[in-house]
Amino acid sequence: MRVAAAARRAGHSPRGLASGRQRRGRGPTPRSVWTLWITGAALLIAGAVALPTALAAQSSPLDDARAALVRGEYESALERLDRVSDGGSEAAIVRLRALRALGRYDDALDLLGGRSGPAPSPRLERWKGELLLEVGAWDAAEAAFERSVAAGAPDAALARVLLGEQAFRRGRWQEARAVFDSFIDLYNSGAADTGAEMIAVAHAVGRLGRENPDLFQDALRAWDEAIELLPGDPRPIVAVGDLFLDRYTSTRAMEEYARALSVNAREPDALHGRARALDFDGSGRALAVANEVLETNPNHVGARTLLAEIRLRAENVPAAVEEAETALETNPRSLEALSVLAAARYLAGDEEGWIEARDRVLALNPSWAGLYVRLAELSADARRYADAVDFAREAVARDSLSWEGWGLLGINQMRTQEVVEGRENVARAFDGDPYNPWFKNTLDLLDLMDDFETVRSENFEIVLPPGEAALLGPRVIALAEEAFAEMTERYGTSPPTPIRLELFPTSADFSVRTFGLVGLGALGVSFGSTLVMDSPTAREPGDFNWASTLWHEIAHAFHLAISDHAVPRWFSEGLAVREQRVARPHWGFRAGVPWLQAWTSERMPPLSRMNEAFVRPAFPAQLAFGYFQASLAFDWIEERWGFQAIRDFLEGYGRGATTNQLTRIILGLDDEELDAEFQRYVDARFESEIAALADLAPVFHDGPGDQTVDAEATVEEILEGMTDDLDILRSQARLSPGSFPARLRLGQALVRAGWWDEAEENLRAAQRLFPAYPGLDGPLAGLARVHQARGEVSEAAGALRALGELNESAWSVAVEEARLRAELGDVPGELRALRRALEIHPFAVEPQTRLATLAGETGAWDEAASAWEAVVALEPADPAQVWYELSRARLRSGDRAGARTAVLRALEIAPSFDAALELLLEIRGGGR
Amino acid sequence: MLGALIAPAPFATLAAQETHLVTVVGLGGGPEYDARFFGWGERITVAARERFGLPESSTHLLVPDAELPAPATATSRRDGVEATLAAIATDAPADAEVLVVLLGHGTFRNDEARFNLPGPDLTAREWSLLLDALAPRRVAIVNAASASGPFVQALAASNRTVITATKTGRQRNETVFGGYFADAFAGDAADLDKDGAMSLLEAFAWTTAEVARHYDEQGLLQTENAVLDDDGDGVGSETPSADEPDGAGSSTFVFVPAAALELPEAAAADSVLARLLREQAELETRIARLRARRGEMDPEAYEAELEELLVELALKNREVEGRRGGGGGGR
């Protein structure tokens, strides 16, 4: 596929900027220009600061104003210009730039004769046109550009490229392309000598990149030359940042914006670029930086639109609408702001409003794919994948060069089980935009997935990595069907089937499948009836419990189906965690120390605003805490109002109701009452744990948004580096006998020192204070060590069993318990522990072999056969023996045909295997 | 690969062969390693004597400890190694087989690999000279030490199998190969084709699978990749096979449990039993031929034919057992 794409790209028009073109008097290579320019600018500023008196004596007020402008001291620049008696057009341009940076567009236009009519001089027409574009006066702007071109103004090239840009924004791509194309000739003939001309070339070539992505490289080269020609001008630097960001390279983009901002920290377009890059990276700081833009320029339409998008993704529709409408007050023809407004209204269920906004966009530009691209993106963010497909389809129907549209179409088709068509569309998108990492990663992954195996059951289609199907397939099917049956009964309905479940052998692959890039920290994702998750092989044993994760994702499929994909994320995640606990009491995230501290220090949002922790967490751990905290809400709701209330919520979301409305109707509580009552419930439920942690050092160090807190940090990790001195620890425990950390720390230190009896006393006290502490450093682990040291194997095994009940991923605990049970000769106990270990990580030869053997010995031949099948799949060192054991187990469990197949496999490897030959005769009834 | 591990050598020919085992435990450098390496060597030596019936006089365990804890026979200082091998070179018949196993640490510096002994080490080149002195006997050497890879090129020769725990001299981390190789000797699991005997090729395949599993289950990057060379070209293979250049030789270097050797001995005195064993061998040959044609056959037809032959073989086994008086332990 990639070969075909490359070939198609090779067929693109060969037109582009000539390479190796000699430019007069140009020394440095393009990329080194940055250093020179920044150094020069920095020197200028440093000089002004170091020698104020001397400079003041020599410089004119216009020079001072220009210097102030460069530094971003726009108000000061304007004041200084007031003292310039006759600065001509130079002074006028400095004033226009300052006013524009401050968002005082009409003040600037007043200097140019108002919104209509010509500017005072042809040289100012292009400026006037650009200002008119800021306020959406398209016709007047185009007239100004035309006057600039007709008069042969020094910057007429810029005016001409902006006329091309206007043709593009009005949906007249052929006309725009002809204009942009002419700039390639301008450059290649060596006639683009001025900064304005080079900006025009760079802009034009960048636009042509949508047809030929190779031209983005040429655009970058032209912007470099523009920077060289326009030292001190931030615009080309910001444009380079934008070019990188639009090509998905946010790190490089950030570097460019930082360079511009190092000279002028208030530069609105550079700040806007930084905010976009932060948003691109998913950083919560994007919001603050976008607001920083507005402090300088409250009418910055780009910043307002970005804020609207951020609000919308946070599911704060009213705030999004308000931001978009504010942007449109400044520029009623902003296609971007109108697109977000349409999307916001659509997601709010405002049918009339969204159509009105849509029609406004399409009246301006019937080919504006951006409207539908935005709708598709936001629909996908809101988990409305079928809507996303429809919108993306509309985007590409209106503009076949919308690679974003093709990509969104393909990716969302794959989420809605249109895998083949989806793949074709992602390939088409990559063809047009080979820089896009989502497209590339997705296609690479799909190539990899060609070797995956598919197994099917009544309600599921399960796609597994090669080599894992034999072991995992039956286990996944059994669990998935169990979950489906139980939840169908619980919810009274079921999602559309088959549910497609894809498991990936690396977290990176799962991450790419989910959102196109590596680095997603989640374990599983539900797109409705398509579920995607890590295979147990994707992580180390003990990192996660795949079975619990699978149950969680299947719960989402139910929630999304019942709510018609309108359930808010906090609701579905919290309810899915509760479903894990309902299914198996040891499953699901538990209340650890960090969450309790976040709760008591009010770092978690109240229940009425729980979604904030999911869509824009204040600190990374807040998201993990959100899952648990939200799950408590469903414990509470189900206990108090019954499960029907939860079903009513889901159905209510499906009818378009908000959480606030549903809370009033179903629970009879307003937000304030909801938050207060939930607070009381949680405080009461964790009263003893909260009291027992009162004197523990906080895990949060740097304010409310600590970025470094580990959601699952243990007491040992929190107190790492603290004293191990027994006398001090004894004294602390004496002073605070009700302190969990004090008793636990002392108990742990006593275990290390071998003071078993005193250790037991303190560990038992710690256990009473925080009975459900899930950390593997907890009192139960310490008690297990104490008992083992004393030779009390049964008690040690008991402590480990209890610990395993509190931690769904405690692989090593289960394995150790199994070992101890074997030592005790406790076969049922060992079997139970082995099952628990293998539930966490089934890809382990030794526990599977032991389980198979024990199950056979106890006559549990079905289980023995299943475990031997797992061992076979794990490619044991002695396969003939394992096939033989499998055959025996199958025969004993009544599967004569399966036994025959297995014994033939054994004998194929080892034809002289006497026991297997005898088994073959037994399978055949004693002989021929 | 597993299908090509079958050793075609009939036990009758093996019974008459004399095998010498020389297990050299190198310098551990600390009590933990000393105990571990000695434990491996002890297991191999005891298995050779008790399981495979080799006499004490031909099972040599050389250890660093001068007090020679049982079942050690000599020290593993350079002179102890040289004397042991020289005695075999002098006394053993020309058709004897010699297996040398090195357990301990190895080093690779200045393009020279060494096996660490108490006192002066022996370099790969020096080991080569010592083994050359054993000609024309068939020799196999297993170097289970770290950085043992260069031994393959240095020791490669015709009629010689060289197994190293690492592929190169740069794999310097502590190895676990020796422990699993000892397990292969001590247990039945490495008899992968279940013919009652264990070839060096089978021991190698089983050990390397266990080493891979060890690293996988520990969540560690595998830092040792064992290789085997038995075609004398000095290039080891990680996946040798009886039908590949590397693997054919080691598939016939076989250790047979003492009990299994009773059968060929009985056949020599009983013509009916001898006929049954011939028929049994013919059936095994037909099965091997059928398996070779598997790729060209319809899977169902293949399976049916295989099953019929296996049933015949199973019944033939019963006849053999009946003739022997139901003594069990057919092979």
# chains A, B, ... in the order shown; residues from 1 in each chain; ligands from 1

$ closest_atom_pairs --of "chain B" --to "chain A" --cutoff "6 Å" --atoms "only C-alpha atoms" --output "JSON lines"
{"residue": "B:Gly3", "atom": "CA", "partner": "A:Ile909", "partner_atom": "CA", "distance": 5.2}
{"residue": "B:Leu192", "atom": "CA", "partner": "A:Asp878", "partner_atom": "CA", "distance": 5.7}
{"residue": "B:Asp193", "atom": "CA", "partner": "A:Ala910", "partner_atom": "CA", "distance": 3.8}
{"residue": "B:Lys194", "atom": "CA", "partner": "A:Phe913", "partner_atom": "CA", "distance": 4.6}
{"residue": "B:Asp195", "atom": "CA", "partner": "A:Ser912", "partner_atom": "CA", "distance": 5.0}
{"residue": "B:Trp206", "atom": "CA", "partner": "A:Ala877", "partner_atom": "CA", "distance": 5.0}
{"residue": "B:Ala209", "atom": "CA", "partner": "A:Ala877", "partner_atom": "CA", "distance": 5.2}
{"residue": "B:Ala314", "atom": "CA", "partner": "A:Leu917", "partner_atom": "CA", "distance": 5.0}

$ residues_around --residues "segment 125-138 of chain B" --least-positions-apart "6" --cutoff "9 Å" --atoms "only C-alpha atoms" --output "PDB file with all heavy atoms, in the first residue's frame"
ATOM      1  N   GLU B  82      44.361 -30.833  31.958  1.00  0.00           N
ATOM      2  CA  GLU B  82      45.265 -31.416  30.959  1.00  0.00           C
ATOM      3  C   GLU B  82      45.499 -32.901  31.254  1.00  0.00           C
ATOM      4  O   GLU B  82      45.473 -33.741  30.341  1.00  0.00           O
ATOM      5  CB  GLU B  82      46.609 -30.666  30.968  1.00  0.00           C
ATOM      6  CG  GLU B  82      46.472 -29.280  30.325  1.00  0.00           C
ATOM      7  CD  GLU B  82      47.707 -28.416  30.532  1.00  0.00           C
ATOM      8  OE1 GLU B  82      48.582 -28.780  31.352  1.00  0.00           O
ATOM      9  OE2 GLU B  82      47.780 -27.344  29.900  1.00  0.00           O
ATOM     10  N   LEU B  85      42.334 -35.092  30.341  1.00  0.00           N
ATOM     11  CA  LEU B  85      42.136 -35.291  28.901  1.00  0.00           C
ATOM     12  C   LEU B  85      43.269 -36.140  28.317  1.00  0.00           C
ATOM     13  O   LEU B  85      43.039 -36.969  27.431  1.00  0.00           O
ATOM     14  CB  LEU B  85      42.036 -33.942  28.193  1.00  0.00           C
ATOM     15  CG  LEU B  85      40.753 -33.151  28.525  1.00  0.00           C
ATOM     16  CD1 LEU B  85      40.790 -31.766  27.886  1.00  0.00           C
ATOM     17  CD2 LEU B  85      39.514 -33.897  28.041  1.00  0.00           C
ATOM     18  N   ALA B  86      44.455 -35.956  28.853  1.00  0.00           N
ATOM     19  CA  ALA B  86      45.589 -36.734  28.338  1.00  0.00           C
ATOM     20  C   ALA B  86      45.379 -38.219  28.646  1.00  0.00           C
ATOM     21  O   ALA B  86      45.685 -39.093  27.818  1.00  0.00           O
ATOM     22  CB  ALA B  86      46.888 -36.242  28.968  1.00  0.00           C
ATOM     23  N   ILE B  88      42.534 -39.793  28.898  1.00  0.00           N
ATOM     24  CA  ILE B  88      41.537 -40.339  27.954  1.00  0.00           C
ATOM     25  C   ILE B  88      42.191 -40.563  26.592  1.00  0.00           C
ATOM     26  O   ILE B  88      41.997 -41.592  25.946  1.00  0.00           O
ATOM     27  CB  ILE B  88      40.324 -39.371  27.836  1.00  0.00           C
ATOM     28  CG1 ILE B  88      39.602 -39.274  29.176  1.00  0.00           C
ATOM     29  CG2 ILE B  88      39.366 -39.843  26.747  1.00  0.00           C
ATOM     30  CD1 ILE B  88      38.545 -38.195  29.230  1.00  0.00           C
ATOM     31  N   ALA B  89      42.990 -39.578  26.182  1.00  0.00           N
ATOM     32  CA  ALA B  89      43.652 -39.688  24.877  1.00  0.00           C
ATOM     33  C   ALA B  89      44.538 -40.939  24.840  1.00  0.00           C
ATOM     34  O   ALA B  89      44.682 -41.593  23.798  1.00  0.00           O
ATOM     35  CB  ALA B  89      44.479 -38.438  24.608  1.00  0.00           C
ATOM     36  N   THR B  90      45.094 -41.272  25.970  1.00  0.00           N
ATOM     37  CA  THR B  90      45.994 -42.424  26.017  1.00  0.00           C
ATOM     38  C   THR B  90      45.215 -43.732  26.126  1.00  0.00           C
ATOM     39  O   THR B  90      45.528 -44.714  25.441  1.00  0.00           O
ATOM     40  CB  THR B  90      46.923 -42.304  27.253  1.00  0.00           C
ATOM     41  OG1 THR B  90      47.529 -41.018  27.212  1.00  0.00           O
ATOM     42  CG2 THR B  90      47.989 -43.391  27.249  1.00  0.00           C
ATOM     43  N   ALA B  92      41.528 -44.428  26.167  1.00  0.00           N
ATOM     44  CA  ALA B  92      40.223 -44.750  25.583  1.00  0.00           C
ATOM     45  C   ALA B  92      40.385 -45.308  24.178  1.00  0.00           C
ATOM     46  O   ALA B  92      41.294 -44.903  23.447  1.00  0.00           O
ATOM     47  CB  ALA B  92      39.353 -43.505  25.536  1.00  0.00           C
ATOM     48  N   PRO B  93      39.495 -46.265  23.783  1.00  0.00           N
ATOM     49  CA  PRO B  93      39.597 -46.799  22.427  1.00  0.00           C
ATOM     50  C   PRO B  93      39.303 -45.724  21.369  1.00  0.00           C
ATOM     51  O   PRO B  93      38.691 -44.693  21.682  1.00  0.00           O
ATOM     52  CB  PRO B  93      38.511 -47.884  22.413  1.00  0.00           C
ATOM     53  CG  PRO B  93      37.619 -47.584  23.550  1.00  0.00           C
ATOM     54  CD  PRO B  93      38.423 -46.849  24.559  1.00  0.00           C
ATOM     55  N   ALA B  94      39.708 -46.016  20.161  1.00  0.00           N
ATOM     56  CA  ALA B  94      39.593 -45.007  19.093  1.00  0.00           C
ATOM     57  C   ALA B  94      38.152 -44.676  18.761  1.00  0.00           C
ATOM     58  O   ALA B  94      37.843 -43.582  18.276  1.00  0.00           O
ATOM     59  CB  ALA B  94      40.309 -45.507  17.847  1.00  0.00           C
ATOM     60  N   ASP B  95      37.204 -45.619  19.020  1.00  0.00           N
ATOM     61  CA  ASP B  95      35.796 -45.304  18.694  1.00  0.00           C
ATOM     62  C   ASP B  95      35.037 -44.763  19.906  1.00  0.00           C
ATOM     63  O   ASP B  95      33.820 -44.666  19.883  1.00  0.00           O
ATOM     64  CB  ASP B  95      35.093 -46.536  18.128  1.00  0.00           C
ATOM     65  CG  ASP B  95      34.965 -47.653  19.167  1.00  0.00           C
ATOM     66  OD1 ASP B  95      35.646 -47.554  20.224  1.00  0.00           O
ATOM     67  OD2 ASP B  95      34.199 -48.597  18.921  1.00  0.00           O
ATOM     68  N   ALA B  96      35.748 -44.434  20.958  1.00  0.00           N
ATOM     69  CA  ALA B  96      35.070 -43.855  22.133  1.00  0.00           C
ATOM     70  C   ALA B  96      34.578 -42.443  21.793  1.00  0.00           C
ATOM     71  O   ALA B  96      35.080 -41.799  20.868  1.00  0.00           O
ATOM     72  CB  ALA B  96      36.029 -43.807  23.310  1.00  0.00           C
ATOM     73  N   GLU B  97      33.581 -42.034  22.549  1.00  0.00           N
ATOM     74  CA  GLU B  97      33.080 -40.652  22.389  1.00  0.00           C
ATOM     75  C   GLU B  97      33.409 -39.880  23.659  1.00  0.00           C
ATOM     76  O   GLU B  97      33.352 -40.447  24.759  1.00  0.00           O
ATOM     77  CB  GLU B  97      31.573 -40.657  22.157  1.00  0.00           C
ATOM     78  CG  GLU B  97      31.214 -41.295  20.822  1.00  0.00           C
ATOM     79  CD  GLU B  97      29.740 -41.167  20.497  1.00  0.00           C
ATOM     80  OE1 GLU B  97      28.921 -41.162  21.447  1.00  0.00           O
ATOM     81  OE2 GLU B  97      29.410 -41.082  19.324  1.00  0.00           O
ATOM     82  N   VAL B  98      33.707 -38.606  23.495  1.00  0.00           N
ATOM     83  CA  VAL B  98      34.080 -37.794  24.649  1.00  0.00           C
ATOM     84  C   VAL B  98      33.218 -36.522  24.666  1.00  0.00           C
ATOM     85  O   VAL B  98      33.166 -35.799  23.666  1.00  0.00           O
ATOM     86  CB  VAL B  98      35.570 -37.387  24.600  1.00  0.00           C
ATOM     87  CG1 VAL B  98      35.955 -36.629  25.874  1.00  0.00           C
ATOM     88  CG2 VAL B  98      36.454 -38.602  24.394  1.00  0.00           C
ATOM     89  N   LEU B  99      32.569 -36.311  25.773  1.00  0.00           N
ATOM     90  CA  LEU B  99      31.814 -35.057  25.950  1.00  0.00           C
ATOM     91  C   LEU B  99      32.495 -34.242  27.046  1.00  0.00           C
ATOM     92  O   LEU B  99      32.695 -34.737  28.158  1.00  0.00           O
ATOM     93  CB  LEU B  99      30.362 -35.348  26.351  1.00  0.00           C
ATOM     94  CG  LEU B  99      29.548 -34.129  26.780  1.00  0.00           C
ATOM     95  CD1 LEU B  99      29.386 -33.130  25.632  1.00  0.00           C
ATOM     96  CD2 LEU B  99      28.159 -34.545  27.289  1.00  0.00           C
ATOM     97  N   GLU B 112      40.503 -12.703  22.398  1.00  0.00           N
ATOM     98  CA  GLU B 112      40.791 -14.037  22.913  1.00  0.00           C
ATOM     99  C   GLU B 112      39.767 -14.421  23.975  1.00  0.00           C
ATOM    100  O   GLU B 112      39.547 -13.682  24.937  1.00  0.00           O
ATOM    101  CB  GLU B 112      42.188 -14.073  23.523  1.00  0.00           C
ATOM    102  CG  GLU B 112      42.666 -15.494  23.792  1.00  0.00           C
ATOM    103  CD  GLU B 112      44.167 -15.520  24.042  1.00  0.00           C
ATOM    104  OE1 GLU B 112      44.597 -14.930  25.044  1.00  0.00           O
ATOM    105  OE2 GLU B 112      44.883 -16.107  23.225  1.00  0.00           O
ATOM    106  N   ALA B 113      39.126 -15.570  23.757  1.00  0.00           N
ATOM    107  CA  ALA B 113      38.135 -16.046  24.731  1.00  0.00           C
ATOM    108  C   ALA B 113      38.801 -17.036  25.676  1.00  0.00           C
ATOM    109  O   ALA B 113      39.655 -17.831  25.262  1.00  0.00           O
ATOM    110  CB  ALA B 113      36.977 -16.718  24.001  1.00  0.00           C
ATOM    111  N   ARG B 114      38.394 -16.960  26.925  1.00  0.00           N
ATOM    112  CA  ARG B 114      38.973 -17.857  27.931  1.00  0.00           C
ATOM    113  C   ARG B 114      37.864 -18.443  28.771  1.00  0.00           C
ATOM    114  O   ARG B 114      36.813 -17.834  28.936  1.00  0.00           O
ATOM    115  CB  ARG B 114      39.873 -17.056  28.897  1.00  0.00           C
ATOM    116  CG  ARG B 114      41.080 -16.456  28.266  1.00  0.00           C
ATOM    117  CD  ARG B 114      41.688 -15.389  29.182  1.00  0.00           C
ATOM    118  NE  ARG B 114      42.902 -14.860  28.585  1.00  0.00           N
ATOM    119  CZ  ARG B 114      44.116 -15.359  28.822  1.00  0.00           C
ATOM    120  NH1 ARG B 114      44.261 -16.350  29.690  1.00  0.00           N
ATOM    121  NH2 ARG B 114      45.170 -14.858  28.224  1.00  0.00           N
ATOM    122  N   PHE B 151      34.440 -19.654  21.128  1.00  0.00           N
ATOM    123  CA  PHE B 151      34.897 -21.037  21.169  1.00  0.00           C
ATOM    124  C   PHE B 151      34.453 -21.806  19.916  1.00  0.00           C
ATOM    125  O   PHE B 151      35.079 -22.787  19.538  1.00  0.00           O
ATOM    126  CB  PHE B 151      34.354 -21.752  22.426  1.00  0.00           C
ATOM    127  CG  PHE B 151      35.274 -21.648  23.625  1.00  0.00           C
ATOM    128  CD1 PHE B 151      35.626 -20.404  24.138  1.00  0.00           C
ATOM    129  CD2 PHE B 151      35.795 -22.785  24.234  1.00  0.00           C
ATOM    130  CE1 PHE B 151      36.472 -20.304  25.244  1.00  0.00           C
ATOM    131  CE2 PHE B 151      36.649 -22.694  25.326  1.00  0.00           C
ATOM    132  CZ  PHE B 151      36.992 -21.456  25.834  1.00  0.00           C
ATOM    133  N   ALA B 154      37.034 -21.259  17.219  1.00  0.00           N
ATOM    134  CA  ALA B 154      38.347 -21.751  17.626  1.00  0.00           C
ATOM    135  C   ALA B 154      38.394 -23.276  17.720  1.00  0.00           C
ATOM    136  O   ALA B 154      39.427 -23.885  17.467  1.00  0.00           O
ATOM    137  CB  ALA B 154      38.721 -21.137  18.974  1.00  0.00           C
ATOM    138  N   LEU B 155      37.275 -23.901  18.076  1.00  0.00           N
ATOM    139  CA  LEU B 155      37.296 -25.338  18.346  1.00  0.00           C
ATOM    140  C   LEU B 155      36.693 -26.181  17.226  1.00  0.00           C
ATOM    141  O   LEU B 155      36.739 -27.409  17.290  1.00  0.00           O
ATOM    142  CB  LEU B 155      36.548 -25.633  19.663  1.00  0.00           C
ATOM    143  CG  LEU B 155      37.398 -25.591  20.935  1.00  0.00           C
ATOM    144  CD1 LEU B 155      37.973 -24.210  21.151  1.00  0.00           C
ATOM    145  CD2 LEU B 155      36.549 -25.963  22.145  1.00  0.00           C
ATOM    146  N   ALA B 156      36.114 -25.521  16.232  1.00  0.00           N
ATOM    147  CA  ALA B 156      35.400 -26.274  15.199  1.00  0.00           C
ATOM    148  C   ALA B 156      36.349 -27.241  14.497  1.00  0.00           C
ATOM    149  O   ALA B 156      37.492 -26.898  14.189  1.00  0.00           O
ATOM    150  CB  ALA B 156      34.788 -25.317  14.188  1.00  0.00           C
ATOM    151  N   ALA B 157      35.868 -28.449  14.277  1.00  0.00           N
ATOM    152  CA  ALA B 157      36.658 -29.454  13.555  1.00  0.00           C
ATOM    153  C   ALA B 157      35.710 -30.530  13.080  1.00  0.00           C
ATOM    154  O   ALA B 157      34.567 -30.604  13.552  1.00  0.00           O
ATOM    155  CB  ALA B 157      37.705 -30.064  14.493  1.00  0.00           C
ATOM    156  N   SER B 158      36.173 -31.344  12.174  1.00  0.00           N
ATOM    157  CA  SER B 158      35.292 -32.430  11.726  1.00  0.00           C
ATOM    158  C   SER B 158      35.175 -33.454  12.856  1.00  0.00           C
ATOM    159  O   SER B 158      36.066 -33.585  13.694  1.00  0.00           O
ATOM    160  CB  SER B 158      35.850 -33.077  10.461  1.00  0.00           C
ATOM    161  OG  SER B 158      37.054 -33.724  10.783  1.00  0.00           O
ATOM    162  N   ASN B 159      34.028 -34.132  12.870  1.00  0.00           N
ATOM    163  CA  ASN B 159      33.748 -35.128  13.906  1.00  0.00           C
ATOM    164  C   ASN B 159      33.696 -34.492  15.302  1.00  0.00           C
ATOM    165  O   ASN B 159      34.016 -35.134  16.289  1.00  0.00           O
ATOM    166  CB  ASN B 159      34.821 -36.233  13.878  1.00  0.00           C
ATOM    167  CG  ASN B 159      34.257 -37.546  14.386  1.00  0.00           C
ATOM    168  OD1 ASN B 159      33.044 -37.768  14.343  1.00  0.00           O
ATOM    169  ND2 ASN B 159      35.122 -38.420  14.886  1.00  0.00           N
ATOM    170  N   ARG B 160      33.347 -33.224  15.345  1.00  0.00           N
ATOM    171  CA  ARG B 160      33.307 -32.545  16.647  1.00  0.00           C
ATOM    172  C   ARG B 160      32.057 -31.656  16.723  1.00  0.00           C
ATOM    173  O   ARG B 160      31.713 -30.974  15.759  1.00  0.00           O
ATOM    174  CB  ARG B 160      34.556 -31.682  16.825  1.00  0.00           C
ATOM    175  CG  ARG B 160      34.644 -31.048  18.202  1.00  0.00           C
ATOM    176  CD  ARG B 160      35.885 -30.195  18.349  1.00  0.00           C
ATOM    177  NE  ARG B 160      37.118 -30.988  18.293  1.00  0.00           N
ATOM    178  CZ  ARG B 160      38.343 -30.462  18.246  1.00  0.00           C
ATOM    179  NH1 ARG B 160      38.487 -29.150  18.257  1.00  0.00           N
ATOM    180  NH2 ARG B 160      39.410 -31.242  18.189  1.00  0.00           N
ATOM    181  N   THR B 161      31.416 -31.698  17.874  1.00  0.00           N
ATOM    182  CA  THR B 161      30.277 -30.803  18.118  1.00  0.00           C
ATOM    183  C   THR B 161      30.722 -29.741  19.125  1.00  0.00           C
ATOM    184  O   THR B 161      31.303 -30.082  20.160  1.00  0.00           O
ATOM    185  CB  THR B 161      29.086 -31.582  18.707  1.00  0.00           C
ATOM    186  OG1 THR B 161      28.636 -32.519  17.730  1.00  0.00           O
ATOM    187  CG2 THR B 161      27.949 -30.642  19.093  1.00  0.00           C
ATOM    188  N   PHE B 253      24.887 -38.158  18.552  1.00  0.00           N
ATOM    189  CA  PHE B 253      25.696 -38.216  19.775  1.00  0.00           C
ATOM    190  C   PHE B 253      24.693 -38.417  20.909  1.00  0.00           C
ATOM    191  O   PHE B 253      24.103 -37.465  21.404  1.00  0.00           O
ATOM    192  CB  PHE B 253      26.476 -36.908  19.954  1.00  0.00           C
ATOM    193  CG  PHE B 253      27.654 -37.034  20.876  1.00  0.00           C
ATOM    194  CD1 PHE B 253      28.944 -36.768  20.417  1.00  0.00           C
ATOM    195  CD2 PHE B 253      27.490 -37.418  22.205  1.00  0.00           C
ATOM    196  CE1 PHE B 253      30.041 -36.883  21.260  1.00  0.00           C
ATOM    197  CE2 PHE B 253      28.575 -37.535  23.045  1.00  0.00           C
ATOM    198  CZ  PHE B 253      29.857 -37.264  22.575  1.00  0.00           C
TER     199      PHE B 253
END

$ residues_around --residues "segment 66-78 of chain B" --least-positions-apart "3" --cutoff "12 Å" --atoms "only C-alpha atoms" --output "ChimeraX atom specification"
/B:21-28,35,38-49,56-63,81-85,101-104,115-123,126-127,130

$ select_by_dssp --residues "segment 214-390 of chain A" --states "alpha helix (DSSP H)" --output "ChimeraX atom specification"
/A:215-229,234-246,250-263,268-280,285-296,301-313,317-330,335-347,351-364,369-381,385-390

$ atom_distance --atom1 "atom CA of Ala266 of chain B" --atom2 "atom CA of Arg278 of chain B"
13.6 Å

$ atom_distance --atom1 "atom CA of Arg647 of chain A" --atom2 "atom CA of Gln679 of chain A"
22.8 Å

$ atom_distance --atom1 "atom CA of Val532 of chain A" --atom2 "atom CA of Glu502 of chain A"
4.8 Å

$ closest_residue --among "B:Gly196, B:Phe52, B:Gly169, B:Ala140" --to "Thr107 of chain B" --atoms "only C-alpha atoms"
B:Gly169

$ select_by_dssp --residues "segment 20-208 of chain B" --states "strand (DSSP E)" --output "PyMOL selection string"
chain B and resi 20-25+59-63+74-75+97-103+106-109+112-115+122-123+138-143+160-164+198-199

$ residues_around --residues "Lys440 of chain A" --least-positions-apart "3" --cutoff "9 Å" --atoms "only C-alpha atoms" --output "number ranges by chain"
A: 426-427, 430, 434-437, 443-445, 516

$ residues_around --residues "Ala65 of chain A" --least-positions-apart "2" --cutoff "9 Å" --atoms "only C-alpha atoms" --output "list in words"
Ser60, Pro61, Leu62, Asp63, Ala67, Ala68, Leu69, Val70, Glu73, Tyr74, Ser76, Ala77, Leu78, Glu79, Arg80, Leu81, Ala91, Val94 and Arg95 of chain A

$ residues_around --residues "Asn299 of chain A" --least-positions-apart "6" --cutoff "9 Å" --atoms "only C-alpha atoms" --output "list in words"
Leu102, Gly103, Arg104, Tyr105, Thr326, Ala327, Glu329, Thr330 and Asn331 of chain A
